[in-house]
Amino acid sequence: MNAPHKSLNCTHCGSPVPAGRDDGFCCAGCSYVYDLLHQQGLDYFYNLKGSAALPPVAPQALRERDYEWLNLMQTTADSTGEGDVVELRLAVQGLSCVGCVWLIERLFSRQPGALRVMVDVVHGEMRLMWQRGQFDAVTLARELQSFGYLLGPPLQDAGRKESSGLARRMGVCGAFAMNAMAFSVPRYFDMPPDFAFAHWFELIAAFSATLSMAVGGSYFIERSWRSLRAGVLHIDTPIALGVTAAYVGSIGGWIGGVEGLKYFDFVAIFIFLMLTGRWAQQAAVERNRRRLMRDTSIPETVGVLNDEGAEEMKPVADLRGGMPFVVKPGQTVPVAAKLLSRDASVSLEWINGESEAQAREEGQLLPSGALNIGTEAVKVEAVETWEDSTLRRLLDARKEAEFRDLRLERLLRGYLAVVVVVGAAGALWWWWHGAAVAQALQVMISIFVVSCPCALGVAVPLAEEMAASRAEKLGVFVRTLGLWKRLLRVKRVVFDKTGTLTLENPVLENPEVLRALDAEARAALRHLVTGNLHPVSRSLFDAVAFAADATTPMTGMVKETVGHGLSFVDAAGCEWRLGRPEVAGTGDAVLTRAGAVCAAFRFRDELRAESVQEVRQLRSQQIEVCVLSGDRAHKVAEIARKLELPTSCWQAELTPEAKAAWLRERNRDDTLYVGDGANDSLAFDAALCAGSPVTGRSFLEQKADFFFLGHSLRFVSGLLTVARMHRVATRRVFAFSVSYNIATAIVGLAGHLDPLVAAVLMPLSSLCTLSLVALTFRRATAQARRVGSLPAELEPVPAAA
């Protein structure tokens, strides 16, 4: 097998540089921001960044955006409160390191009236403070956008409740564990019972363990109880059993004066370690969830027109049939509506997968989920309620039940049965052979204590974190726990076409025509396409936005004639137009200056980089690859031909319901679905696991199990490789834990497992499993490199890079 191709890394973000680019950057956006940082004397950013990876600067991040929501938030903040200082909290997309914090602080300090900015990288937020009436938040937002950072409405606090609650529990239980350990150690060193403070030491240890049970132990006990009531065995069940047995035995030993039953320090330390592992798991997942902001193209409120024609902002939930309202440029039509404006240009890509713009005339129906890609707001009349709309149904769709690992449940069931039987049998054996009740109880409790999956509770989160870090090198960010187990069951990968297998925008087929334009024509073209969401405009923007001589701004109101194109008149009175050619066959779009053709552009759908190689790689691993699309059959057939897929492995012109039905017929909890539009939402819910590319509109990324950055599909097989690494690590940890539990159970049955031995063995076993996980990932990486199955992104990067 040939050695894998080693990718160079982008000078700006550190992502692999695609084949064919020789400028050291993965995309034009990174090149643009790199030059901008040096031009403005902000290149110290790279000293602070170090080797940290940044998200690539996608062209859509630099397109013109609607900041009316921010203007409204600032107006409200400036007009409320007291004093001269105003404060506002916003979400930030694109944060990754201390260099980002430094850069945002520098850009903020340049703004008039700016006082202080606090950037929270962990939660993806920033708090601004400025002098009332002297600051322009929109100006700051646009400047941050030019460097690749996007601002959005503040995140809902519900998104961080789980990890924040665990962090608080963990911090408090850490203090209790230190107390319990500190006041238990003297007893282990033969502190005499008649020592003046011996009683107080035991009281403090018991009180610390009790508080630890109330704050931290209750978390595992409650989750275990809920799972048992639902008929499911969870990993929290043996944790709850062990910690409850240790605590109850310790209280009994303390009241009865039996030293061998006092496990107060074990209880407190064990709870702290388990909370630490659980917090690490949850925090990593929530960190990835916060990388993407809420999609502002799906409005929460709309401007409803009253009898006088004025707009009144109302929640979309208030929409009723016959109610007229306004859909602004770049916004989604929330409910099916009749067009009241003369015409409109909309995209139905989210609904049927077709990338071409659709022209609609007055009186025609706009379906729920249609995107207004025109340059002007349109007036529509609702023909249904929000509750009845397709968009609401797709937004609210969720998986009916969490993935259940039946093999793990059977294993836990057998594990718990063995633990209970061995513990009870050991106690009965000792009591039957003349031992005191206290000693028999100590044997049983010691078995329950050492059988707690302490090592698993600490090592498995480390395996999750190491797997997630390797996935991030592939440009993949995990959003749900349990993804790695699901990926191991994948036997079929199903792709949507538009925006998933193909790039989000059509590719310019003749870029030499664009390069041949003079600087004035390129500047005019950029002025025409900036802010327009038509696929052709988006494609041309991506091609011309970062040209050095196209940055001189032009003036003039851009007008759109639906179905014909865009036009404006420059300061010299010359009319520029971008639209359909008058002569068929000369191109898909032409740029004219005063009626004379300057350039004719041709476009084509382009597969994402390395799609063909990735499909071949998946099929060589006996994984079935299929394509489902709502686009027209001849387009899907052409993509399937390029991917070398048989006719049985692709379907065209499918509705969202048909996609989901196709999956339900064939899915045996073994299908990975990758899509990006609202028409893929129901299919997400029918699949075992799902992923989505990050586009200019964050919709499915918010409900996917993972999302990915970049223009390549080469991550899929790499993700499966990481899942196998994760499986090897967890299996080895489990094997060690079983061996450890058997050995300690034998010691406990022999009556030699006193509280001191348990307190020493617990952290040692955790340290051993942590080392085992790290060693397993290192060796698995080395082995995959030797056999040539390691993706280039997972290769170690030389220091010189």
# chains A, B, ... in the order shown; residues from 1 in each chain; ligands from 1
>>> residues_around(residues="stretch 497-504 of chain A", least_positions_apart="6", cutoff="10 Å", atoms="only C-alpha atoms", output="PyMOL selection string")
chain A and resi 349-350+352-355+535+538-539+605-609+611-612+627-631+635-636+639-640+643+650+652+674-677+691-696+711-713
>>> select_by_dssp(residues="stretch 652-778 of chain A", states="alpha helix (DSSP H)", output="ChimeraX atom specification")
/A:656-666,681-686,715-749,755-778
>>> closest_residue(among="A:Ala468, A:Met557, A:Leu340, A:Val494", to="A:Cys689", atoms="only C-alpha atoms")
A:Val494
>>> closest_atom_pairs(of="stretch 28-73 of chain A", to="stretch 84-90 of chain A", cutoff="12 Å", atoms="only C-alpha atoms", output="CSV")
residue,atom,partner,partner_atom,distance
A:Trp69,CA,A:Leu90,CA,11.4
A:Leu70,CA,A:Leu90,CA,9.1
A:Asn71,CA,A:Leu88,CA,11.7
A:Leu72,CA,A:Leu88,CA,11.8
A:Met73,CA,A:Leu88,CA,8.2
>>> residues_around(residues="A:Glu308", least_positions_apart="4", cutoff="12 Å", atoms="only C-alpha atoms", output="list of chain:residue names")
A:Val304, A:Glu312, A:Pro324
>>> residues_around(residues="stretch 573-579 of chain A", least_positions_apart="3", cutoff="12 Å", atoms="only C-alpha atoms", output="PyMOL selection string")
chain A and resi 520-529+532+534+536-537+540+554-570+582-583+587-601
>>> write_last_selection(atoms="C-alpha atoms", output="mmCIF file, in the first residue's frame")
data_model
loop_
_atom_site.group_PDB
_atom_site.id
_atom_site.type_symbol
_atom_site.label_atom_id
_atom_site.label_comp_id
_atom_site.auth_asym_id
_atom_site.auth_seq_id
_atom_site.Cartn_x
_atom_site.Cartn_y
_atom_site.Cartn_z
ATOM 1 C CA GLU A 520 -12.404 48.460 -11.643
ATOM 2 C CA ALA A 521 -14.425 45.572 -13.070
ATOM 3 C CA ARG A 522 -13.448 43.294 -10.199
ATOM 4 C CA ALA A 523 -14.421 45.983 -7.673
ATOM 5 C CA ALA A 524 -17.774 46.442 -9.443
ATOM 6 C CA LEU A 525 -18.366 42.698 -9.456
ATOM 7 C CA ARG A 526 -17.660 42.487 -5.746
ATOM 8 C CA HIS A 527 -20.068 45.360 -5.094
ATOM 9 C CA LEU A 528 -22.779 43.561 -7.064
ATOM 10 C CA VAL A 529 -22.459 40.180 -5.331
ATOM 11 C CA ASN A 532 -26.672 38.631 -2.304
ATOM 12 C CA HIS A 534 -28.082 33.724 -4.983
ATOM 13 C CA VAL A 536 -24.063 32.406 -8.501
ATOM 14 C CA SER A 537 -23.482 35.536 -6.411
ATOM 15 C CA LEU A 540 -18.463 34.879 -7.455
ATOM 16 C CA MET A 554 -17.789 51.278 -4.887
ATOM 17 C CA THR A 555 -20.939 53.251 -4.226
ATOM 18 C CA GLY A 556 -24.361 52.937 -5.755
ATOM 19 C CA MET A 557 -27.546 51.134 -4.773
ATOM 20 C CA VAL A 558 -27.633 47.563 -6.092
ATOM 21 C CA LYS A 559 -31.024 46.726 -7.578
ATOM 22 C CA GLU A 560 -32.270 43.232 -8.261
ATOM 23 C CA THR A 561 -34.627 42.309 -11.082
ATOM 24 C CA VAL A 562 -35.938 38.907 -10.078
ATOM 25 C CA GLY A 563 -35.067 36.306 -12.666
ATOM 26 C CA HIS A 564 -32.762 38.657 -14.597
ATOM 27 C CA GLY A 565 -29.949 39.798 -12.310
ATOM 28 C CA LEU A 566 -28.339 42.660 -10.413
ATOM 29 C CA SER A 567 -27.372 46.173 -11.455
ATOM 30 C CA PHE A 568 -26.071 49.490 -10.090
ATOM 31 C CA VAL A 569 -24.801 52.830 -11.392
ATOM 32 C CA ASP A 570 -21.341 53.907 -10.176
ATOM 33 C CA GLU A 582 -28.789 37.482 -23.879
ATOM 34 C CA VAL A 583 -27.242 34.894 -26.208
ATOM 35 C CA GLY A 587 -22.203 31.366 -20.207
ATOM 36 C CA ASP A 588 -24.362 31.037 -17.120
ATOM 37 C CA ALA A 589 -23.932 34.689 -16.079
ATOM 38 C CA VAL A 590 -22.368 37.767 -17.694
ATOM 39 C CA LEU A 591 -20.928 40.986 -16.321
ATOM 40 C CA THR A 592 -21.588 44.071 -18.470
ATOM 41 C CA ARG A 593 -20.315 47.649 -18.286
ATOM 42 C CA ALA A 594 -22.545 50.200 -20.022
ATOM 43 C CA GLY A 595 -24.058 47.352 -22.035
ATOM 44 C CA ALA A 596 -20.711 45.916 -23.144
ATOM 45 C CA VAL A 597 -19.866 42.390 -21.983
ATOM 46 C CA CYS A 598 -16.824 42.317 -19.714
ATOM 47 C CA ALA A 599 -16.902 38.629 -18.799
ATOM 48 C CA ALA A 600 -19.041 35.525 -19.205
ATOM 49 C CA PHE A 601 -18.922 33.046 -16.314
#
>>> residues_around(residues="stretch 438-441 of chain A", least_positions_apart="6", cutoff="12 Å", atoms="only C-alpha atoms", output="ChimeraX atom specification")
/A:245-246,248-250,252-262,423-432,447-449,748-754
>>> write_last_selection(atoms="N, CA and C atoms", output="short mmCIF file (atom, residue, chain, number, x, y, z; two decimals), in the first residue's frame")
data_model
loop_
_atom_site.label_atom_id
_atom_site.label_comp_id
_atom_site.auth_asym_id
_atom_site.auth_seq_id
_atom_site.Cartn_x
_atom_site.Cartn_y
_atom_site.Cartn_z
N ALA A 245 -23.13 1.78 49.64
CA ALA A 245 -22.70 0.75 50.58
C ALA A 245 -21.57 1.25 51.47
N ALA A 246 -20.60 1.95 50.87
CA ALA A 246 -19.48 2.47 51.66
C ALA A 246 -19.94 3.49 52.68
N VAL A 248 -23.13 3.95 53.98
CA VAL A 248 -23.97 3.35 55.02
C VAL A 248 -23.12 2.53 55.99
N GLY A 249 -22.17 1.75 55.45
CA GLY A 249 -21.28 0.98 56.32
C GLY A 249 -20.44 1.88 57.21
N SER A 250 -19.97 3.00 56.64
CA SER A 250 -19.16 3.93 57.44
C SER A 250 -19.96 4.54 58.58
N GLY A 252 -22.56 3.18 60.00
CA GLY A 252 -22.75 2.10 60.98
C GLY A 252 -21.50 1.85 61.79
N GLY A 253 -20.33 1.84 61.13
CA GLY A 253 -19.08 1.63 61.85
C GLY A 253 -18.76 2.75 62.80
N TRP A 254 -19.12 3.97 62.41
CA TRP A 254 -18.85 5.12 63.29
C TRP A 254 -19.74 5.07 64.53
N ILE A 255 -21.01 4.75 64.33
CA ILE A 255 -21.92 4.67 65.48
C ILE A 255 -21.55 3.49 66.37
N GLY A 256 -21.20 2.34 65.75
CA GLY A 256 -20.88 1.15 66.53
C GLY A 256 -19.45 1.07 66.99
N GLY A 257 -18.62 2.01 66.57
CA GLY A 257 -17.22 2.01 66.98
C GLY A 257 -16.39 0.93 66.32
N VAL A 258 -16.75 0.52 65.10
CA VAL A 258 -16.01 -0.51 64.37
C VAL A 258 -15.09 0.17 63.36
N GLU A 259 -13.77 0.14 63.62
CA GLU A 259 -12.81 0.85 62.78
C GLU A 259 -12.80 0.33 61.34
N GLY A 260 -13.00 -0.98 61.18
CA GLY A 260 -12.89 -1.58 59.84
C GLY A 260 -14.01 -1.20 58.89
N LEU A 261 -15.02 -0.47 59.37
CA LEU A 261 -16.13 -0.08 58.50
C LEU A 261 -16.13 1.40 58.15
N LYS A 262 -15.09 2.11 58.56
CA LYS A 262 -15.08 3.56 58.35
C LYS A 262 -14.38 3.90 57.03
N GLY A 423 -20.39 -10.55 47.20
CA GLY A 423 -20.36 -9.82 48.47
C GLY A 423 -21.20 -10.47 49.54
N ALA A 424 -22.44 -10.83 49.19
CA ALA A 424 -23.32 -11.48 50.17
C ALA A 424 -22.79 -12.85 50.58
N ALA A 425 -22.28 -13.63 49.61
CA ALA A 425 -21.73 -14.95 49.92
C ALA A 425 -20.52 -14.85 50.82
N GLY A 426 -19.67 -13.88 50.56
CA GLY A 426 -18.48 -13.70 51.41
C GLY A 426 -18.86 -13.37 52.83
N ALA A 427 -19.85 -12.48 52.99
CA ALA A 427 -20.29 -12.13 54.35
C ALA A 427 -20.87 -13.34 55.08
N LEU A 428 -21.72 -14.10 54.36
CA LEU A 428 -22.31 -15.30 54.97
C LEU A 428 -21.25 -16.33 55.34
N TRP A 429 -20.25 -16.48 54.47
CA TRP A 429 -19.19 -17.46 54.75
C TRP A 429 -18.44 -17.10 56.03
N TRP A 430 -18.07 -15.83 56.15
CA TRP A 430 -17.34 -15.40 57.36
C TRP A 430 -18.23 -15.54 58.60
N TRP A 431 -19.48 -15.14 58.50
CA TRP A 431 -20.37 -15.25 59.67
C TRP A 431 -20.62 -16.71 60.04
N TRP A 432 -20.76 -17.57 59.02
CA TRP A 432 -20.99 -19.00 59.27
C TRP A 432 -19.80 -19.64 59.95
N ILE A 447 -16.15 -5.64 49.28
CA ILE A 447 -16.39 -6.15 47.93
C ILE A 447 -17.16 -5.12 47.11
N PHE A 448 -18.20 -4.53 47.71
CA PHE A 448 -18.98 -3.51 47.00
C PHE A 448 -18.13 -2.28 46.67
N VAL A 449 -17.23 -1.94 47.61
CA VAL A 449 -16.40 -0.75 47.42
C VAL A 449 -15.42 -0.94 46.27
N GLY A 748 -10.38 -8.92 49.49
CA GLY A 748 -11.48 -8.58 50.38
C GLY A 748 -12.12 -9.81 51.00
N LEU A 749 -12.30 -10.88 50.22
CA LEU A 749 -12.87 -12.11 50.77
C LEU A 749 -11.96 -12.72 51.83
N ALA A 750 -10.66 -12.46 51.72
CA ALA A 750 -9.72 -12.95 52.72
C ALA A 750 -9.71 -12.09 53.97
N GLY A 751 -10.45 -10.97 53.92
CA GLY A 751 -10.56 -10.11 55.09
C GLY A 751 -9.43 -9.12 55.26
N HIS A 752 -8.66 -8.87 54.19
CA HIS A 752 -7.49 -7.99 54.31
C HIS A 752 -7.70 -6.62 53.66
N LEU A 753 -8.92 -6.33 53.22
CA LEU A 753 -9.14 -5.06 52.52
C LEU A 753 -9.76 -4.05 53.48
N ASP A 754 -8.90 -3.44 54.29
CA ASP A 754 -9.40 -2.44 55.24
C ASP A 754 -9.50 -1.08 54.56
#
>>> select_by_dssp(residues="stretch 357-590 of chain A", states="strand (DSSP E)", output="VMD selection string")
chain A and resid 357 to 361 365 to 366 371 to 372 378 to 382 476 to 478 492 to 496 507 to 508 559 to 561 565 to 569 575 to 579 589 to 590
>>> residues_around(residues="A:Arg169", least_positions_apart="6", cutoff="9 Å", atoms="only C-alpha atoms", output="list in words")
Ser212, Val215, Gly216, Tyr219, Phe272 and Leu275 of chain A
